[in-house]
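Participant: One file is attached below, model.pdb, containing PDB, C-alpha atoms, pLDDT in the B column.
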ATOM      1  CA  MET A1433       0.000   0.000   0.000  1.00 43.00           C
ATOM      2  CA  ASN A1434       1.316   3.451  -0.936  1.00 45.00           C
ATOM      3  CA  THR A1435       1.299   6.023   1.808  1.00 44.00           C
ATOM      4  CA  ILE A1436       1.483   9.760   1.177  1.00 44.00           C
ATOM      5  CA  GLU A1437       5.039   9.743   2.481  1.00 45.00           C
ATOM      6  CA  GLU A1438       6.061   6.962   0.065  1.00 44.00           C
ATOM      7  CA  ARG A1439       4.543   8.823  -2.907  1.00 41.00           C
ATOM      8  CA  ASN A1440       6.404  12.043  -2.019  1.00 44.00           C
ATOM      9  CA  ILE A1441       9.846  10.406  -2.118  1.00 45.00           C
ATOM     10  CA  ASP A1442      11.843  11.792  -5.051  1.00 50.00           C
ATOM     11  CA  ARG A1443      12.832   8.807  -7.176  1.00 52.00           C
ATOM     12  CA  ARG A1444      14.883  10.766  -9.704  1.00 53.00           C
ATOM     13  CA  ALA A1445      18.235   9.263 -10.668  1.00 56.00           C
ATOM     14  CA  PHE A1446      19.686  12.754 -11.256  1.00 62.00           C
ATOM     15  CA  GLU A1447      19.133  15.931  -9.280  1.00 70.00           C
ATOM     16  CA  ARG A1448      16.992  18.588 -10.946  1.00 69.00           C
ATOM     17  CA  PHE A1449      18.294  22.163 -10.790  1.00 66.00           C
ATOM     18  CA  ALA A1450      16.715  25.538 -11.514  1.00 71.00           C
ATOM     19  CA  ALA A1451      17.823  26.952 -14.857  1.00 74.00           C
ATOM     20  CA  HIS A1452      15.670  29.905 -15.878  1.00 74.00           C
ATOM     21  CA  LEU A1453      17.054  30.674 -19.356  1.00 77.00           C
ATOM     22  CA  PRO A1454      15.497  31.891 -22.617  1.00 78.00           C
ATOM     23  CA  ILE A1455      15.410  29.214 -25.305  1.00 84.00           C
ATOM     24  CA  LYS A1456      14.258  28.493 -28.814  1.00 88.00           C
ATOM     25  CA  PHE A1457      12.735  25.215 -29.822  1.00 88.00           C
ATOM     26  CA  LYS A1458      11.473  23.322 -32.827  1.00 89.00           C
ATOM     27  CA  ALA A1459       8.409  21.095 -32.786  1.00 89.00           C
ATOM     28  CA  ASN A1460       6.101  19.860 -35.523  1.00 83.00           C
ATOM     29  CA  GLY A1461       8.093  21.690 -38.208  1.00 84.00           C
ATOM     30  CA  HIS A1462       7.675  25.085 -36.478  1.00 86.00           C
ATOM     31  CA  GLU A1463      10.218  27.196 -34.628  1.00 87.00           C
ATOM     32  CA  TYR A1464       9.303  28.938 -31.366  1.00 82.00           C
ATOM     33  CA  GLY A1465      11.039  31.314 -29.019  1.00 78.00           C
ATOM     34  CA  ASP A1466      11.752  35.007 -28.839  1.00 64.00           C
ATOM     35  CA  GLY A1467      13.475  35.048 -25.455  1.00 56.00           C
ATOM     36  CA  VAL A1468      10.326  36.322 -23.765  1.00 64.00           C
ATOM     37  CA  ASN A1469       7.594  33.713 -23.882  1.00 76.00           C
ATOM     38  CA  VAL A1470       9.691  30.530 -24.097  1.00 84.00           C
ATOM     39  CA  TYR A1471      12.189  29.555 -21.440  1.00 82.00           C
ATOM     40  CA  LEU A1472      13.873  26.698 -19.659  1.00 85.00           C
ATOM     41  CA  GLU A1473      12.622  26.348 -16.072  1.00 86.00           C
ATOM     42  CA  ASN A1474      14.742  23.503 -14.723  1.00 84.00           C
ATOM     43  CA  ALA A1475      16.901  20.623 -15.894  1.00 86.00           C
ATOM     44  CA  SER A1476      18.487  17.323 -14.995  1.00 85.00           C
ATOM     45  CA  ALA A1477      20.579  14.818 -16.920  1.00 83.00           C
ATOM     46  CA  LEU A1478      17.362  13.032 -17.954  1.00 89.00           C
ATOM     47  CA  GLY A1479      15.253  15.964 -19.101  1.00 90.00           C
ATOM     48  CA  VAL A1480      14.053  19.533 -18.711  1.00 91.00           C
ATOM     49  CA  MET A1481      10.935  21.503 -17.957  1.00 91.00           C
ATOM     50  CA  ILE A1482      10.160  24.397 -20.260  1.00 91.00           C
ATOM     51  CA  ALA A1483       7.493  27.087 -20.101  1.00 90.00           C
ATOM     52  CA  THR A1484       5.882  28.557 -23.186  1.00 90.00           C
ATOM     53  CA  THR A1485       2.752  30.235 -24.449  1.00 88.00           C
ATOM     54  CA  GLU A1486       2.776  27.781 -27.374  1.00 86.00           C
ATOM     55  CA  GLU A1487       0.603  24.684 -27.105  1.00 85.00           C
ATOM     56  CA  ILE A1488       2.565  21.472 -27.622  1.00 89.00           C
ATOM     57  CA  SER A1489       1.162  17.941 -27.662  1.00 92.00           C
ATOM     58  CA  LEU A1490       2.064  14.939 -25.566  1.00 95.00           C
ATOM     59  CA  ASN A1491       4.697  12.710 -27.248  1.00 95.00           C
ATOM     60  CA  ASP A1492       5.868  15.484 -29.623  1.00 94.00           C
ATOM     61  CA  SER A1493       9.575  15.444 -30.447  1.00 95.00           C
ATOM     62  CA  ILE A1494      11.267  18.716 -29.519  1.00 93.00           C
ATOM     63  CA  SER A1495      14.687  20.143 -30.261  1.00 94.00           C
ATOM     64  CA  LEU A1496      15.773  22.902 -27.831  1.00 90.00           C
ATOM     65  CA  GLU A1497      18.438  25.500 -28.531  1.00 89.00           C
ATOM     66  CA  VAL A1498      19.981  26.984 -25.387  1.00 85.00           C
ATOM     67  CA  THR A1499      22.461  29.857 -25.754  1.00 80.00           C
ATOM     68  CA  LEU A1500      24.863  30.077 -22.825  1.00 79.00           C
ATOM     69  CA  PRO A1501      27.227  32.906 -21.817  1.00 76.00           C
ATOM     70  CA  ASP A1502      30.358  30.914 -22.751  1.00 72.00           C
ATOM     71  CA  CYS A1503      29.936  32.121 -26.380  1.00 67.00           C
ATOM     72  CA  LYS A1504      30.306  28.603 -27.716  1.00 75.00           C
ATOM     73  CA  GLU A1505      27.810  27.047 -30.069  1.00 82.00           C
ATOM     74  CA  PRO A1506      24.278  26.874 -28.655  1.00 84.00           C
ATOM     75  CA  MET A1507      23.529  23.700 -26.745  1.00 86.00           C
ATOM     76  CA  ILE A1508      21.050  21.495 -28.588  1.00 89.00           C
ATOM     77  CA  LEU A1509      18.892  19.195 -26.459  1.00 91.00           C
ATOM     78  CA  LYS A1510      16.469  16.729 -28.048  1.00 94.00           C
ATOM     79  CA  GLY A1511      13.694  14.775 -26.433  1.00 95.00           C
ATOM     80  CA  GLN A1512      10.050  13.803 -26.232  1.00 96.00           C
ATOM     81  CA  VAL A1513       7.210  15.539 -24.391  1.00 96.00           C
ATOM     82  CA  THR A1514       6.211  13.327 -21.443  1.00 96.00           C
ATOM     83  CA  TRP A1515       3.791  15.635 -19.613  1.00 95.00           C
ATOM     84  CA  ILE A1516       2.014  18.973 -20.054  1.00 95.00           C
ATOM     85  CA  SER A1517       0.203  21.321 -17.674  1.00 94.00           C
ATOM     86  CA  ARG A1518      -1.227  24.823 -17.974  1.00 94.00           C
ATOM     87  CA  ASP A1519      -1.258  27.439 -15.228  1.00 93.00           C
ATOM     88  CA  GLU A1520      -3.759  30.226 -14.521  1.00 93.00           C
ATOM     89  CA  SER A1521      -1.754  32.754 -16.569  1.00 92.00           C
ATOM     90  CA  GLY A1522      -2.031  30.606 -19.709  1.00 90.00           C
ATOM     91  CA  MET A1523       1.585  29.403 -19.701  1.00 90.00           C
ATOM     92  CA  TRP A1524       2.190  25.789 -20.694  1.00 92.00           C
ATOM     93  CA  HIS A1525       4.700  23.866 -18.573  1.00 93.00           C
ATOM     94  CA  ILE A1526       6.170  20.979 -20.531  1.00 94.00           C
ATOM     95  CA  GLY A1527       8.245  18.040 -19.343  1.00 94.00           C
ATOM     96  CA  LEU A1528      10.760  16.825 -21.895  1.00 94.00           C
ATOM     97  CA  LYS A1529      12.658  13.548 -21.531  1.00 94.00           C
ATOM     98  CA  PHE A1530      15.963  13.415 -23.430  1.00 92.00           C
ATOM     99  CA  TYR A1531      16.542  10.689 -25.989  1.00 93.00           C
ATOM    100  CA  THR A1532      20.114  10.251 -24.707  1.00 88.00           C
ATOM    101  CA  ILE A1533      21.876  11.303 -21.500  1.00 84.00           C
ATOM    102  CA  ASP A1534      24.788  13.702 -22.087  1.00 82.00           C
ATOM    103  CA  LEU A1535      26.487  14.533 -18.801  1.00 80.00           C
ATOM    104  CA  VAL A1536      29.031  16.799 -20.516  1.00 81.00           C
ATOM    105  CA  GLN A1537      26.267  19.039 -21.886  1.00 81.00           C
ATOM    106  CA  MET A1538      24.480  19.083 -18.537  1.00 80.00           C
ATOM    107  CA  SER A1539      27.694  20.078 -16.736  1.00 80.00           C
ATOM    108  CA  ARG A1540      28.092  22.953 -19.216  1.00 79.00           C
ATOM    109  CA  LEU A1541      24.552  24.132 -18.437  1.00 79.00           C
ATOM    110  CA  TYR A1542      24.978  23.573 -14.696  1.00 76.00           C
ATOM    111  CA  LYS A1543      28.020  25.837 -14.425  1.00 75.00           C
ATOM    112  CA  PHE A1544      25.973  28.835 -15.667  1.00 70.00           C
ATOM    113  CA  VAL A1545      23.105  28.518 -13.226  1.00 70.00           C
ATOM    114  CA  MET A1546      23.050  28.905  -9.483  1.00 54.00           C
ATOM    115  CA  PRO A1547      21.392  25.811  -8.108  1.00 47.00           C
ATOM    116  CA  THR A1548      19.259  26.785  -5.163  1.00 44.00           C
ATOM    117  CA  ALA A1549      16.793  24.256  -3.872  1.00 37.00           C
ATOM    118  CA  HIS A1550      15.575  21.028  -5.384  1.00 39.00           C
ATOM    119  CA  CYS A1551      12.816  21.578  -7.912  1.00 43.00           C
ATOM    120  CA  GLU A1552       9.498  19.852  -7.405  1.00 45.00           C
TER     121      GLU A1552
END
Let's see the structure in the file written out as structure tokens.

Facilitator:
Amino acid sequence: MNTIEERNIDRRAFERFAAHLPIKFKANGHEYGDGVNVYLENASALGVMIATTEEISLNDSISLEVTLPDCKEPMILKGQVTWISRDESGMWHIGLKFYTIDLVQMSRLYKFVMPTAHCE
């Protein structure tokens, strides 16, 4: 039997960290992102959560482009939409699971954000 305490245990293999950054992304043959209404909210080695005003469908394939302050090529992250929710302001919050784990890319992203608390 599952208790509330058992359900609240974080079973993630990799820690999620806050990473509020503007992004661009491609989905369904369209490009989105102007640095205002599309951004990365948090990330882990397995996936990211993005926020956007654009409606995306469950199971869509998405390619994210994240520009970091190191002036190198933008980081490209590819994955599949695993969950979607919408808040009261009309923003869509989208969970994206990566097709492959790339710890080198995640360490590059991690060094430009200040991890604070664990994300829910």

Participant: Smallest atom-to-atom distance to Thr1485 in chain A: which of A:Gly1465, A:Gly1511, A:Pro1506, A:Gly1527, using only C-alpha atoms?

Facilitator: A:Gly1465

Participant: Here's the selection I'm unsure about, the PyMOL selection byres ((chain A and resi 1483) around 9); applied to the file above, which residues does it give, as a PyMOL selection string?

Facilitator: chain A and resi 1469-1473+1481-1482+1484-1486+1523-1526

Participant: Would you work out the distance separating CA of Ser1489 in chain A from CA of His1462 in chain A, expressed in Å to one decimal?

Facilitator: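 CA of His1462 in chain A lies 13.1 Å from CA of Ser1489 in chain A.
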
Participant: Please determine, counting only C-alpha atoms, which residue among A:Ile1455, A:Leu1535, A:Ala1475, A:Ile1516 has the shortest atom-to-atom distance to Glu1497 in chain A.

Facilitator: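 Using only C-alpha atoms, Glu1497 in chain A sits closest to A:Ile1455.
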
Participant: Which one is closest to Asp1492 in chain A: A:Ala1477, A:Ile1508, A:Leu1528, A:Ala1450? Count only C-alpha atoms.

Facilitator: A:Leu1528

Participant: Which residue gives the smallest distance to Tyr1542 in chain A among A:Ile1494, A:Leu1500, A:Ile1488, A:Val1513, with all atoms listed in the file counted?

Facilitator: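 Once distances to Tyr1542 in chain A are computed over all atoms listed in the file, the minimum belongs to A:Leu1500.
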
Participant: Residues within 6 Å of (6.4, 12.9, -30.8), file coordinates, counting all atoms listed in the file: what are they? Give the list as a ChimeraX atom specification.

Facilitator: /A:1491-1493,1512

Participant: What box, with edges along x, y and z, holds each listed atom of range 1523-1533 of chain A when 3 Å is added on every side, and can you state its centre and edge lengths in Å to one decimal, as JSON?

Facilitator:
{"center_x": 11.7, "center_y": 19.8, "center_z": -22.3, "size_x": 26.3, "size_y": 25.2, "size_z": 13.4}

Participant: Please measure the separation of CA of Glu1505 in chain A and CA of Val1480 in chain A, giving the value in Å to one decimal.

Facilitator: 19.4 Å

Participant: One decimal, Å: what's the distance from CA of Ser1495 in chain A over to CA of Thr1532 in chain A, could you say?

Facilitator: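 CA of Ser1495 in chain A sits 12.6 Å away from CA of Thr1532 in chain A.
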
Participant: Need the shell around Asp1502 in chain A: protein/DNA/RNA residues with any atom at most 12 Å away, counting only C-alpha atoms. Skip same-chain ones fewer than 2 positions apart. Format as a PyMOL selection string?

Facilitator: chain A and resi 1498-1500+1504-1507+1540-1541+1543-1544

Participant: When distances are computed from all atoms listed in the file, which of A:Asp1534, A:Glu1447, A:Asp1519, A:Glu1487 shows the smallest separation from Asn1474 in chain A?

Facilitator: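 Using all atoms listed in the file, Asn1474 in chain A sits closest to A:Glu1447.
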
Participant: So, counting all atoms listed in the file, which residue among A:Leu1496, A:Met1538, A:Leu1509, A:Val1545 is closest to Glu1463 in chain A?

Facilitator: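 Checking each of A:Leu1496, A:Met1538, A:Leu1509, A:Val1545 against Glu1463 in chain A, counting all atoms listed in the file, the winner is A:Leu1496.
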
Participant: My structure is short of atoms at range 1482-1516 of chain A; please model N, CA and C atoms there, returning them as a compact mmCIF listing (two decimals), in the frame of the given file.

Facilitator:
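rebuild09.txt, written as the output of this step:
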# COMPACT_ATOMS: atom_id res chain seq x y z
N ILE A 1482 10.19 23.09 -19.61
CA ILE A 1482 10.16 24.40 -20.26
C ILE A 1482 8.80 25.03 -20.03
N ALA A 1483 8.75 26.34 -20.19
CA ALA A 1483 7.49 27.09 -20.10
C ALA A 1483 7.34 27.86 -21.40
N THR A 1484 6.14 27.88 -21.92
CA THR A 1484 5.88 28.56 -23.19
C THR A 1484 4.41 28.95 -23.29
N THR A 1485 4.14 29.90 -24.14
CA THR A 1485 2.75 30.24 -24.45
C THR A 1485 2.24 29.39 -25.61
N GLU A 1486 3.14 28.63 -26.25
CA GLU A 1486 2.78 27.78 -27.37
C GLU A 1486 2.23 26.45 -26.87
N GLU A 1487 1.17 25.97 -27.49
CA GLU A 1487 0.60 24.68 -27.10
C GLU A 1487 1.33 23.57 -27.85
N ILE A 1488 1.85 22.62 -27.09
CA ILE A 1488 2.56 21.47 -27.62
C ILE A 1488 1.81 20.22 -27.19
N SER A 1489 1.90 19.17 -27.97
CA SER A 1489 1.16 17.94 -27.66
C SER A 1489 2.04 16.90 -26.98
N LEU A 1490 1.41 16.06 -26.21
CA LEU A 1490 2.06 14.94 -25.57
C LEU A 1490 2.71 14.07 -26.64
N ASN A 1491 3.91 13.59 -26.37
CA ASN A 1491 4.70 12.71 -27.25
C ASN A 1491 5.34 13.43 -28.43
N ASP A 1492 5.17 14.75 -28.57
CA ASP A 1492 5.87 15.48 -29.62
C ASP A 1492 7.37 15.38 -29.41
N SER A 1493 8.12 15.36 -30.50
CA SER A 1493 9.57 15.44 -30.45
C SER A 1493 9.95 16.91 -30.50
N ILE A 1494 10.86 17.32 -29.61
CA ILE A 1494 11.27 18.72 -29.52
C ILE A 1494 12.78 18.81 -29.55
N SER A 1495 13.27 19.83 -30.24
CA SER A 1495 14.69 20.14 -30.26
C SER A 1495 14.85 21.53 -29.66
N LEU A 1496 15.55 21.61 -28.51
CA LEU A 1496 15.77 22.90 -27.83
C LEU A 1496 17.12 23.48 -28.22
N GLU A 1497 17.18 24.79 -28.33
CA GLU A 1497 18.44 25.50 -28.53
C GLU A 1497 18.63 26.45 -27.35
N VAL A 1498 19.69 26.18 -26.57
CA VAL A 1498 19.98 26.98 -25.39
C VAL A 1498 21.29 27.72 -25.63
N THR A 1499 21.25 29.06 -25.61
CA THR A 1499 22.46 29.86 -25.75
C THR A 1499 22.98 30.21 -24.37
N LEU A 1500 24.25 29.85 -24.13
CA LEU A 1500 24.86 30.08 -22.82
C LEU A 1500 25.92 31.17 -22.93
N PRO A 1501 26.28 31.78 -21.81
CA PRO A 1501 27.23 32.91 -21.82
C PRO A 1501 28.67 32.55 -22.19
N ASP A 1502 28.98 31.28 -22.42
CA ASP A 1502 30.36 30.91 -22.75
C ASP A 1502 30.71 31.20 -24.21
N CYS A 1503 29.74 31.71 -24.98
CA CYS A 1503 29.94 32.12 -26.38
C CYS A 1503 30.30 30.96 -27.30
N LYS A 1504 30.12 29.75 -26.84
CA LYS A 1504 30.31 28.60 -27.72
C LYS A 1504 29.03 28.40 -28.51
N GLU A 1505 29.02 27.37 -29.32
CA GLU A 1505 27.81 27.05 -30.07
C GLU A 1505 26.65 26.82 -29.10
N PRO A 1506 25.43 27.15 -29.52
CA PRO A 1506 24.28 26.87 -28.66
C PRO A 1506 24.20 25.38 -28.33
N MET A 1507 23.72 25.08 -27.16
CA MET A 1507 23.53 23.70 -26.74
C MET A 1507 22.21 23.22 -27.33
N ILE A 1508 22.25 22.08 -28.00
CA ILE A 1508 21.05 21.50 -28.59
C ILE A 1508 20.66 20.28 -27.75
N LEU A 1509 19.42 20.28 -27.28
CA LEU A 1509 18.89 19.20 -26.46
C LEU A 1509 17.65 18.65 -27.16
N LYS A 1510 17.59 17.34 -27.34
CA LYS A 1510 16.47 16.73 -28.05
C LYS A 1510 15.78 15.71 -27.17
N GLY A 1511 14.45 15.73 -27.23
CA GLY A 1511 13.69 14.78 -26.43
C GLY A 1511 12.23 14.72 -26.82
N GLN A 1512 11.48 14.02 -25.99
CA GLN A 1512 10.05 13.80 -26.23
C GLN A 1512 9.23 14.37 -25.07
N VAL A 1513 8.11 14.98 -25.40
CA VAL A 1513 7.21 15.54 -24.39
C VAL A 1513 6.56 14.39 -23.62
N THR A 1514 6.77 14.40 -22.28
CA THR A 1514 6.21 13.33 -21.44
C THR A 1514 5.04 13.80 -20.59
N TRP A 1515 4.93 15.10 -20.35
CA TRP A 1515 3.79 15.64 -19.61
C TRP A 1515 3.61 17.11 -19.95
N ILE A 1516 2.38 17.59 -19.75
CA ILE A 1516 2.01 18.97 -20.05
C ILE A 1516 1.04 19.45 -18.99
